[in-house]
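Chemist: Here you go, entry_12.cif (mmCIF, C-alpha atoms and all ligand atoms):
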data_work
loop_
_atom_site.group_PDB
_atom_site.id
_atom_site.type_symbol
_atom_site.label_atom_id
_atom_site.label_comp_id
_atom_site.auth_asym_id
_atom_site.auth_seq_id
_atom_site.Cartn_x
_atom_site.Cartn_y
_atom_site.Cartn_z
ATOM 1 C CA MET A 1 74.436 128.812 130.610
ATOM 2 C CA LYS A 2 74.553 127.053 133.939
ATOM 3 C CA SER A 3 71.204 125.419 133.298
ATOM 4 C CA TYR A 4 72.506 124.169 129.949
ATOM 5 C CA LEU A 5 75.487 122.613 131.618
ATOM 6 C CA ILE A 6 73.239 120.938 134.153
ATOM 7 C CA ALA A 7 70.869 119.780 131.436
ATOM 8 C CA GLY A 8 73.826 118.335 129.544
ATOM 9 C CA ALA A 9 75.134 116.569 132.609
ATOM 10 C CA SER A 10 71.814 115.080 133.584
ATOM 11 C CA ALA A 11 71.146 113.970 130.020
ATOM 12 C CA LEU A 12 74.503 112.184 130.061
ATOM 13 C CA LEU A 13 73.608 110.546 133.356
ATOM 14 C CA LEU A 14 70.293 109.461 131.868
ATOM 15 C CA VAL A 15 72.075 107.806 128.971
ATOM 16 C CA ALA A 16 74.629 106.164 131.211
ATOM 17 C CA THR A 17 71.753 104.743 133.218
ATOM 18 C CA ALA A 18 69.794 103.732 130.132
ATOM 19 C CA ILE A 19 72.786 101.951 128.656
ATOM 20 C CA THR A 20 74.314 100.281 131.666
ATOM 21 C CA ALA A 21 71.362 99.639 134.004
ATOM 22 C CA PRO A 22 71.914 96.013 135.064
ATOM 23 C CA ALA A 23 68.186 95.325 135.187
ATOM 24 C CA GLN A 24 67.830 96.174 131.522
ATOM 25 C CA VAL A 25 66.686 93.410 129.228
ATOM 26 C CA LYS A 26 69.354 92.388 126.749
ATOM 27 C CA PRO A 27 68.921 94.284 123.492
ATOM 28 C CA THR A 28 68.166 92.262 120.372
ATOM 29 C CA ASP A 29 70.410 92.334 117.299
ATOM 30 C CA PRO A 30 68.096 94.794 115.444
ATOM 31 C CA GLN A 31 68.228 97.081 118.501
ATOM 32 C CA ILE A 32 71.991 96.710 118.883
ATOM 33 C CA ALA A 33 72.466 97.613 115.210
ATOM 34 C CA HIS A 34 70.302 100.701 115.728
ATOM 35 C CA ILE A 35 72.185 101.783 118.867
ATOM 36 C CA ALA A 36 75.620 101.346 117.265
ATOM 37 C CA TYR A 37 74.564 103.136 114.096
ATOM 38 C CA SER A 38 72.986 105.994 116.088
ATOM 39 C CA ALA A 39 76.129 106.344 118.206
ATOM 40 C CA GLY A 40 78.112 106.879 114.999
ATOM 41 C CA VAL A 41 75.620 109.343 113.497
ATOM 42 C CA ILE A 42 75.652 111.383 116.707
ATOM 43 C CA ASP A 43 79.421 111.674 116.648
ATOM 44 C CA ILE A 44 79.352 112.702 112.977
ATOM 45 C CA GLU A 45 76.774 115.428 113.683
ATOM 46 C CA THR A 46 78.758 116.797 116.610
ATOM 47 C CA ALA A 47 81.949 116.697 114.524
ATOM 48 C CA LYS A 48 80.227 118.688 111.770
ATOM 49 C CA LEU A 49 79.347 121.334 114.354
ATOM 50 C CA ALA A 50 83.015 121.426 115.369
ATOM 51 C CA LEU A 51 84.132 121.739 111.744
ATOM 52 C CA SER A 52 81.807 124.721 111.302
ATOM 53 C CA LYS A 53 82.876 126.431 114.535
ATOM 54 C CA SER A 54 86.480 125.632 115.388
ATOM 55 C CA THR A 55 89.536 127.378 113.978
ATOM 56 C CA ASN A 56 91.991 125.114 115.784
ATOM 57 C CA ASP A 57 93.811 122.818 113.335
ATOM 58 C CA GLN A 58 94.099 119.911 115.753
ATOM 59 C CA VAL A 59 90.442 120.114 116.700
ATOM 60 C CA LYS A 60 89.402 120.314 113.058
ATOM 61 C CA GLU A 61 91.603 117.382 112.109
ATOM 62 C CA PHE A 62 90.142 115.368 114.969
ATOM 63 C CA ALA A 63 86.592 116.275 113.950
ATOM 64 C CA GLN A 64 87.256 115.385 110.305
ATOM 65 C CA SER A 65 88.598 112.016 111.348
ATOM 66 C CA MET A 66 85.416 111.408 113.407
ATOM 67 C CA VAL A 67 83.308 112.160 110.309
ATOM 68 C CA ASP A 68 85.394 109.926 108.037
ATOM 69 C CA ASP A 69 85.785 106.998 110.459
ATOM 70 C CA HIS A 70 82.198 106.826 111.632
ATOM 71 C CA GLN A 71 80.887 107.165 108.096
ATOM 72 C CA ALA A 72 83.126 104.281 107.035
ATOM 73 C CA VAL A 73 82.000 102.026 109.884
ATOM 74 C CA ASN A 74 78.338 102.929 109.471
ATOM 75 C CA GLU A 75 78.547 102.055 105.763
ATOM 76 C CA GLN A 76 79.953 98.675 106.800
ATOM 77 C CA ALA A 77 77.152 98.316 109.337
ATOM 78 C CA LEU A 78 74.483 99.120 106.735
ATOM 79 C CA ALA A 79 75.983 96.613 104.318
ATOM 80 C CA LEU A 80 75.980 93.984 107.063
ATOM 81 C CA VAL A 81 72.367 94.472 108.209
ATOM 82 C CA GLU A 82 71.268 94.373 104.584
ATOM 83 C CA LYS A 83 73.176 91.136 104.060
ATOM 84 C CA LEU A 84 71.696 89.648 107.241
ATOM 85 C CA GLY A 85 68.209 90.865 106.406
ATOM 86 C CA VAL A 86 68.032 92.685 109.736
ATOM 87 C CA THR A 87 66.046 95.901 110.066
ATOM 88 C CA PRO A 88 67.572 98.177 112.734
ATOM 89 C CA GLU A 89 64.950 98.819 115.401
ATOM 90 C CA ASP A 90 64.615 102.098 117.283
ATOM 91 C CA ASN A 91 64.590 101.686 121.055
ATOM 92 C CA ALA A 92 64.834 103.534 124.379
ATOM 93 C CA THR A 93 68.649 103.455 124.441
ATOM 94 C CA SER A 94 68.963 104.956 120.952
ATOM 95 C CA GLN A 95 66.420 107.599 121.884
ATOM 96 C CA ALA A 96 68.238 108.469 125.117
ATOM 97 C CA LEU A 97 71.496 108.787 123.175
ATOM 98 C CA VAL A 98 69.920 111.124 120.631
ATOM 99 C CA THR A 99 68.186 113.239 123.289
ATOM 100 C CA ALA A 100 71.420 113.669 125.236
ATOM 101 C CA ALA A 101 73.355 114.495 122.078
ATOM 102 C CA ASP A 102 70.827 117.117 120.982
ATOM 103 C CA ALA A 103 71.101 118.806 124.380
ATOM 104 C CA LYS A 104 74.891 118.664 124.207
ATOM 105 C CA ARG A 105 74.997 120.160 120.732
ATOM 106 C CA ALA A 106 72.700 122.991 121.814
ATOM 107 C CA GLU A 107 75.057 123.653 124.706
ATOM 108 C CA LEU A 108 78.179 123.529 122.522
ATOM 109 C CA GLY A 109 76.535 125.735 119.916
ATOM 110 C CA LYS A 110 76.517 128.610 122.392
ATOM 111 C CA LEU A 111 80.269 128.473 122.897
ATOM 112 C CA ASP A 112 83.004 129.955 120.724
ATOM 113 C CA GLY A 113 86.757 129.929 120.320
ATOM 114 C CA SER A 114 88.857 128.041 122.832
ATOM 115 C CA ALA A 115 85.840 127.599 125.133
ATOM 116 C CA PHE A 116 84.141 125.662 122.339
ATOM 117 C CA ASP A 117 87.269 123.629 121.525
ATOM 118 C CA THR A 118 87.796 122.624 125.150
ATOM 119 C CA ALA A 119 84.140 121.700 125.699
ATOM 120 C CA TYR A 120 83.871 119.812 122.394
ATOM 121 C CA VAL A 121 86.985 117.731 123.003
ATOM 122 C CA ALA A 122 86.061 117.056 126.644
ATOM 123 C CA ASN A 123 82.658 115.863 125.481
ATOM 124 C CA GLU A 124 84.295 113.637 122.852
ATOM 125 C CA VAL A 125 86.369 111.974 125.576
ATOM 126 C CA ALA A 126 83.276 111.440 127.748
ATOM 127 C CA TYR A 127 81.079 110.345 124.854
ATOM 128 C CA HIS A 128 83.508 107.759 123.479
ATOM 129 C CA LYS A 129 84.160 106.452 126.979
ATOM 130 C CA GLN A 130 80.446 106.018 127.538
ATOM 131 C CA VAL A 131 79.916 104.227 124.213
ATOM 132 C CA ASN A 132 82.934 101.989 124.910
ATOM 133 C CA GLU A 133 81.446 100.966 128.231
ATOM 134 C CA ALA A 134 78.122 100.195 126.567
ATOM 135 C CA LEU A 135 79.843 98.179 123.822
ATOM 136 C CA GLU A 136 81.903 96.158 126.298
ATOM 137 C CA ALA A 137 79.310 95.636 129.003
ATOM 138 C CA LEU A 138 76.133 95.244 126.994
ATOM 139 C CA LEU A 139 76.155 95.436 123.214
ATOM 140 C CA ILE A 140 78.962 93.001 122.360
ATOM 141 C CA PRO A 141 77.955 90.393 124.965
ATOM 142 C CA SER A 142 74.321 90.616 123.830
ATOM 143 C CA ALA A 143 74.945 90.351 120.085
ATOM 144 C CA GLN A 144 73.782 86.993 118.703
ATOM 145 C CA ASP A 145 75.077 87.153 115.139
ATOM 146 C CA ALA A 146 78.816 86.450 114.840
ATOM 147 C CA GLU A 147 79.386 89.011 112.075
ATOM 148 C CA LEU A 148 77.538 91.710 113.987
ATOM 149 C CA LYS A 149 79.620 90.869 117.064
ATOM 150 C CA ALA A 150 82.822 91.116 115.012
ATOM 151 C CA LEU A 151 81.842 94.492 113.594
ATOM 152 C CA LEU A 152 81.014 95.744 117.101
ATOM 153 C CA GLU A 153 84.441 94.572 118.241
ATOM 154 C CA THR A 154 86.070 96.568 115.451
ATOM 155 C CA GLY A 155 83.822 99.464 116.494
ATOM 156 C CA LEU A 156 85.091 99.131 120.051
ATOM 157 C CA LYS A 157 88.727 99.354 118.908
ATOM 158 C CA LEU A 158 87.807 102.396 116.826
ATOM 159 C CA PHE A 159 85.961 104.148 119.670
ATOM 160 C CA GLN A 160 88.799 103.338 122.095
ATOM 161 C CA GLY A 161 91.229 104.838 119.594
ATOM 162 C CA HIS A 162 89.073 107.938 119.252
ATOM 163 C CA GLN A 163 88.874 108.300 123.010
ATOM 164 C CA GLN A 164 92.673 108.276 123.235
ATOM 165 C CA HIS A 165 92.974 110.673 120.294
ATOM 166 C CA ALA A 166 90.520 113.024 122.039
ATOM 167 C CA GLU A 167 92.516 112.732 125.267
ATOM 168 C CA HIS A 168 95.698 113.679 123.397
ATOM 169 C CA VAL A 169 94.007 116.700 121.785
ATOM 170 C CA ALA A 170 92.561 117.710 125.176
ATOM 171 C CA ALA A 171 96.053 117.617 126.695
ATOM 172 C CA GLU A 172 97.378 119.784 123.843
ATOM 173 C CA LEU A 173 94.626 122.356 124.372
ATOM 174 C CA LYS A 174 95.616 122.891 128.004
ATOM 175 C CA MET B 1 129.250 93.167 96.000
ATOM 176 C CA ASN B 2 127.541 89.812 96.171
ATOM 177 C CA ALA B 3 124.248 90.929 94.699
ATOM 178 C CA PRO B 4 123.997 88.009 92.249
ATOM 179 C CA HIS B 5 124.303 85.586 95.126
ATOM 180 C CA LEU B 6 121.608 87.487 96.977
ATOM 181 C CA ASN B 7 119.315 87.395 93.958
ATOM 182 C CA ARG B 8 119.793 83.699 93.531
ATOM 183 C CA ARG B 9 118.936 83.101 97.140
ATOM 184 C CA HIS B 10 115.813 85.152 96.734
ATOM 185 C CA LEU B 11 114.856 83.134 93.671
ATOM 186 C CA LEU B 12 115.309 79.931 95.596
ATOM 187 C CA ILE B 13 113.214 81.259 98.436
ATOM 188 C CA SER B 14 110.515 82.486 96.122
ATOM 189 C CA GLY B 15 109.917 78.875 95.036
ATOM 190 C CA GLY B 16 107.919 78.463 98.237
ATOM 191 C CA ALA B 17 107.173 82.121 98.558
ATOM 192 C CA ALA B 18 103.400 82.044 98.737
ATOM 193 C CA LEU B 19 103.440 80.059 101.943
ATOM 194 C CA ILE B 20 106.519 81.645 103.460
ATOM 195 C CA ILE B 21 105.223 85.173 102.936
ATOM 196 C CA ARG B 22 101.992 84.357 104.656
ATOM 197 C CA GLU B 23 103.797 83.001 107.667
ATOM 198 C CA THR B 24 106.366 85.774 107.935
ATOM 199 C CA PRO B 25 104.835 88.963 106.528
ATOM 200 C CA ALA B 26 107.584 91.029 108.131
ATOM 201 C CA ARG B 27 109.944 90.615 105.176
ATOM 202 C CA ALA B 28 109.347 90.726 101.456
ATOM 203 C CA HIS B 29 111.718 89.789 98.678
ATOM 204 C CA ASN B 30 112.345 93.144 97.039
ATOM 205 C CA GLY B 31 114.022 95.050 99.830
ATOM 206 C CA ALA B 32 110.712 96.243 101.237
ATOM 207 C CA VAL B 33 109.198 95.259 104.547
ATOM 208 C CA HIS B 34 105.426 95.192 104.564
ATOM 209 C CA VAL B 35 103.149 96.033 107.460
ATOM 210 C CA THR B 36 99.484 95.309 106.868
ATOM 211 C CA ILE B 37 96.869 97.381 108.630
ATOM 212 C CA GLU B 38 93.560 95.614 109.105
ATOM 213 C CA ASP B 39 90.837 96.185 111.693
ATOM 214 C CA LEU B 40 92.931 98.827 113.454
ATOM 215 C CA VAL B 41 95.978 96.604 113.972
ATOM 216 C CA PHE B 42 99.539 96.862 112.603
ATOM 217 C CA LEU B 43 100.543 93.387 111.423
ATOM 218 C CA PRO B 44 103.173 92.430 112.275
ATOM 219 C CA ALA B 45 103.428 94.868 115.154
ATOM 220 C CA GLU B 46 107.212 94.483 115.292
ATOM 221 C CA ILE B 47 109.498 94.555 112.286
ATOM 222 C CA GLU B 48 113.249 94.413 111.740
ATOM 223 C CA VAL B 49 114.693 96.421 108.860
ATOM 224 C CA ARG B 50 118.071 97.472 107.569
ATOM 225 C CA THR B 51 118.959 101.097 107.005
ATOM 226 C CA GLY B 52 117.930 102.048 103.469
ATOM 227 C CA GLU B 53 115.212 99.409 103.219
ATOM 228 C CA THR B 54 111.678 100.548 102.501
ATOM 229 C CA ILE B 55 108.924 100.057 105.026
ATOM 230 C CA GLU B 56 105.557 99.798 103.315
ATOM 231 C CA TRP B 57 102.299 100.089 105.226
ATOM 232 C CA VAL B 58 99.358 98.521 103.384
ATOM 233 C CA ASN B 59 96.115 99.963 104.748
ATOM 234 C CA LYS B 60 93.225 97.559 104.208
ATOM 235 C CA ASP B 61 90.888 99.561 106.453
ATOM 236 C CA ARG B 62 88.312 102.029 105.201
ATOM 237 C CA MET B 63 89.783 104.686 107.449
ATOM 238 C CA ALA B 64 92.994 106.674 107.385
ATOM 239 C CA HIS B 65 95.795 105.819 109.795
ATOM 240 C CA THR B 66 99.226 107.214 110.533
ATOM 241 C CA ALA B 67 102.566 105.801 111.579
ATOM 242 C CA THR B 68 103.710 108.446 114.042
ATOM 243 C CA VAL B 69 106.817 108.613 116.185
ATOM 244 C CA LYS B 70 106.327 110.798 119.231
ATOM 245 C CA GLY B 71 108.438 113.912 118.714
ATOM 246 C CA GLY B 72 109.602 112.537 115.368
ATOM 247 C CA TRP B 73 108.396 111.623 111.905
ATOM 248 C CA GLU B 74 104.925 110.791 110.700
ATOM 249 C CA VAL B 75 103.684 108.849 107.683
ATOM 250 C CA MET B 76 100.061 109.374 106.602
ATOM 251 C CA ILE B 77 98.409 106.171 105.398
ATOM 252 C CA PRO B 78 95.107 106.972 103.640
ATOM 253 C CA ALA B 79 92.184 104.519 103.630
ATOM 254 C CA GLY B 80 92.772 101.626 101.245
ATOM 255 C CA LYS B 81 96.193 102.960 100.204
ATOM 256 C CA THR B 82 99.826 102.199 100.892
ATOM 257 C CA ALA B 83 102.510 104.535 102.221
ATOM 258 C CA THR B 84 106.246 104.095 102.572
ATOM 259 C CA ARG B 85 109.298 105.272 104.453
ATOM 260 C CA VAL B 86 112.932 104.505 103.755
ATOM 261 C CA ALA B 87 114.430 103.352 107.044
ATOM 262 C CA GLU B 88 117.146 105.536 108.537
ATOM 263 C CA ALA B 89 119.858 104.640 111.013
ATOM 264 C CA GLY B 90 117.987 106.172 113.940
ATOM 265 C CA ASP B 91 114.719 104.394 113.185
ATOM 266 C CA SER B 92 114.678 101.920 116.057
ATOM 267 C CA VAL B 93 111.459 103.392 117.388
ATOM 268 C CA ASP B 94 108.040 102.766 118.826
ATOM 269 C CA TYR B 95 105.333 104.238 116.666
ATOM 270 C CA TYR B 96 101.568 104.591 116.908
ATOM 271 C CA CYS B 97 98.600 105.829 114.912
ATOM 272 C CA ARG B 98 97.860 109.433 115.843
ATOM 273 C CA PHE B 99 94.185 108.997 114.917
ATOM 274 C CA HIS B 100 93.850 105.766 116.933
ATOM 275 C CA PRO B 101 96.657 105.767 119.508
ATOM 276 C CA ASN B 102 95.688 102.262 120.642
ATOM 277 C CA MET B 103 97.356 101.074 117.395
ATOM 278 C CA LYS B 104 101.028 100.469 118.167
ATOM 279 C CA GLY B 105 104.045 99.204 116.284
ATOM 280 C CA ARG B 106 107.778 98.912 116.663
ATOM 281 C CA ILE B 107 110.683 99.177 114.219
ATOM 282 C CA THR B 108 114.119 97.795 114.987
ATOM 283 C CA ILE B 109 117.067 98.660 112.769
ATOM 284 C CA VAL B 110 119.337 95.654 112.336
ATOM 285 C CA ALA B 111 122.843 95.532 110.915
HETATM 286 CU CU CU C 1 94.526 104.532 113.027
#
Now that the file is in, can you turn its structure into structure tokens?
Ligand SMILES: [Cu+2]

Modeler:
Amino acid sequence: MKSYLIAGASALLLVATAITAPAQVKPTDPQIAHIAYSAGVIDIETAKLALSKSTNDQVKEFAQSMVDDHQAVNEQALALVEKLGVTPEDNATSQALVTAADAKRAELGKLDGSAFDTAYVANEVAYHKQVNEALEALLIPSAQDAELKALLETGLKLFQGHQQHAEHVAAELK
Amino acid sequence: MNAPHLNRRHLLISGGAALIIRETPARAHNGAVHVTIEDLVFLPAEIEVRTGETIEWVNKDRMAHTATVKGGWEVMIPAGKTATRVAEAGDSVDYYCRFHPNMKGRITIVA
């Protein structure tokens, strides 16, 4: 289990580096759309794992709200890229996010009961924080299209809200 | 009491209602106070109501929100729906959305 934890931690570090490395070239709008969409899909997948594993009402309610909210925003994002004629473009940042999330889900999948709840919610705090930093430092400033920028700004408010919700649930679990 | 007088005043006001309501969404003309939720914001964030008046939250977002008072009541506001609460004497409170605690509002009960 220790190696899983380490793998999870280093994957997270990798993503943090991939997203916030100052030397990185500014992502294009098609890449930004892909990153933001992927970030939502990842959180939905992890929430579905939580819904299948947790028996804690607060954790399940939190997870359900992650599924509902991120689905809603991703539908808006899809409608927008279609309207703009933009095709989301896979890129190193999206791939790093997915790789880290897969490792994290494998790690969480081995836990049960309150150990799972605690680890899931702690990861939700860390994950939303990381995406918020990427949105603020890189994705929003890089976005060229005004509507895409506006949707990312709504996404930032949503992710910040989720981070605080996760922090509240984490405090309740202690 | 002086309900007819009140009604007449409301009628007079409603002559220019379209504009007035847009500028001051805190008060409506049927005893209800409306709070619009759009893009994860309560608008207006601060409202003044009288005891017995209805507070109506109009959720224009595609996600569910709540109006939650810490250690107190909670109103669920589903996506695209409205939800109400009849203001009580003790309702001078700060509230927030439990799903997105960065959404904050305040109710003040006025005489
Ligand atoms: Cu909310």

Chemist: For B:Asn59, work out the shell of residues within 10 Å, counting all atoms listed in the file and skipping chain neighbours fewer than 5 positions away, then give it as a PyMOL selection string.

Modeler: chain B and resi 35-42+64-66+77-83

Chemist: Compute the set of chain A residues within 8 Å of chain B, using all atoms listed in the file, and express it as a PyMOL selection string.

Modeler: chain A and resi 62+65+68-69+72-73+154+157-158+160-162+164-165

Chemist: Rounded to one decimal in Å, what is the spacing between atom CA of A:Phe116 and atom CA of A:Tyr37?

Modeler: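 Taking atom CA of A:Phe116 and atom CA of A:Tyr37, their separation equals 25.8 Å.
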
Chemist: Applied to the shown file, which residues does the PyMOL selection byres (((chain A and resi 78) around 12) and not hetatm) return, written as a list of chain:residue names?

Modeler: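 Given this file, the PyMOL selection byres (((chain A and resi 78) around 12) and not hetatm) evaluates to A:Pro30, A:Ala33, A:His34, A:Ala36, A:Tyr37, A:Ser38, A:Gly40, A:His70, A:Gln71, A:Ala72, A:Val73, A:Asn74, A:Glu75, A:Gln76, A:Ala77, A:Ala79, A:Leu80, A:Val81, A:Glu82, A:Lys83, A:Leu84, A:Gly85, A:Val86, A:Thr87, A:Pro88, A:Leu148, A:Leu151.
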
Chemist: Of the residues A:Asn123, A:Asn91, A:His128, A:Phe159, which is the one nearest to ligand CU 1 (chain C), using only C-alpha atoms and all ligand atoms?

Modeler: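 Checking each candidate against ligand CU 1 (chain C), we get A:Phe159 as the closest.
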
Chemist: Which residue is closest to ligand CU 1 (chain C)? Choose from A:Leu135, A:Met66, A:Lys174, A:Lys129 and count only C-alpha atoms and all ligand atoms.

Modeler: A:Met66

Chemist: With all atoms listed in the file as the atoms that count, which of B:Ala111, B:Ala67, B:Ala89, B:Ile55 lies nearest to ligand CU 1 (chain C)?

Modeler: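 Residue with the minimum atom-to-atom distance to ligand CU 1 (chain C): B:Ala67.
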
Chemist: Calculated over only C-alpha atoms and all ligand atoms, which of the candidates B:Thr51, B:Thr68, B:Ser92, B:Thr84 has the smallest distance to ligand CU 1 (chain C)?

Modeler: B:Thr68

Chemist: Excluding same-chain residues fewer than 4 positions from A:Ser114, what lies within 10 Å of it counting all atoms listed in the file, as a PyMOL selection string?

Modeler: chain A and resi 54-56+118-120+173-174

Chemist: When you draw a straight line from atom CA of A:Ala115 to atom CA of A:Ile44, how long is it in Å?

Modeler: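 Result for atom CA of A:Ala115 versus atom CA of A:Ile44: 20.3 Å, one decimal.
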
Chemist: Which of these residues is nearest to A:Leu152, using only C-alpha atoms: A:Lys110, A:Asn132, A:Ala166, A:Lys104?

Modeler: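 Closest residue, counting only C-alpha atoms: A:Asn132.
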
Chemist: Which centre and edge lengths in Å to one decimal define the box along x, y and z that fits every listed atom of stretch 71-79 of chain B plus 4 Å per side, as lines of an AutoDock Vina configuration file?

Modeler:
center_x = 100.9
center_y = 109.2
center_z = 111.2
size_x = 25.4
size_y = 17.4
size_z = 23.1

Chemist: Just to confirm, what's the straight-line distance from atom CA of A:Glu107 to atom CA of A:Asp90 in Å (one decimal)?

Modeler: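 Taking atom CA of A:Glu107 and atom CA of A:Asp90, their separation equals 25.1 Å.
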
Chemist: With distances taken over all atoms listed in the file, which residue among B:Val93, B:Leu43, B:Met76, B:Val49 lies nearest ligand CU 1 (chain C)?

Modeler: B:Met76

Chemist: Taking the file as I've supplied it (selection: the PyMOL selection byres (((chain B and resi 105) around 6) and not hetatm)), which residues are included? Please answer as a list in words.

Modeler: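 That selection, the PyMOL selection byres (((chain B and resi 105) around 6) and not hetatm), comes back as Ala45, Glu46, Asp94, Tyr95, Tyr96, Lys104 and Arg106 of chain B.
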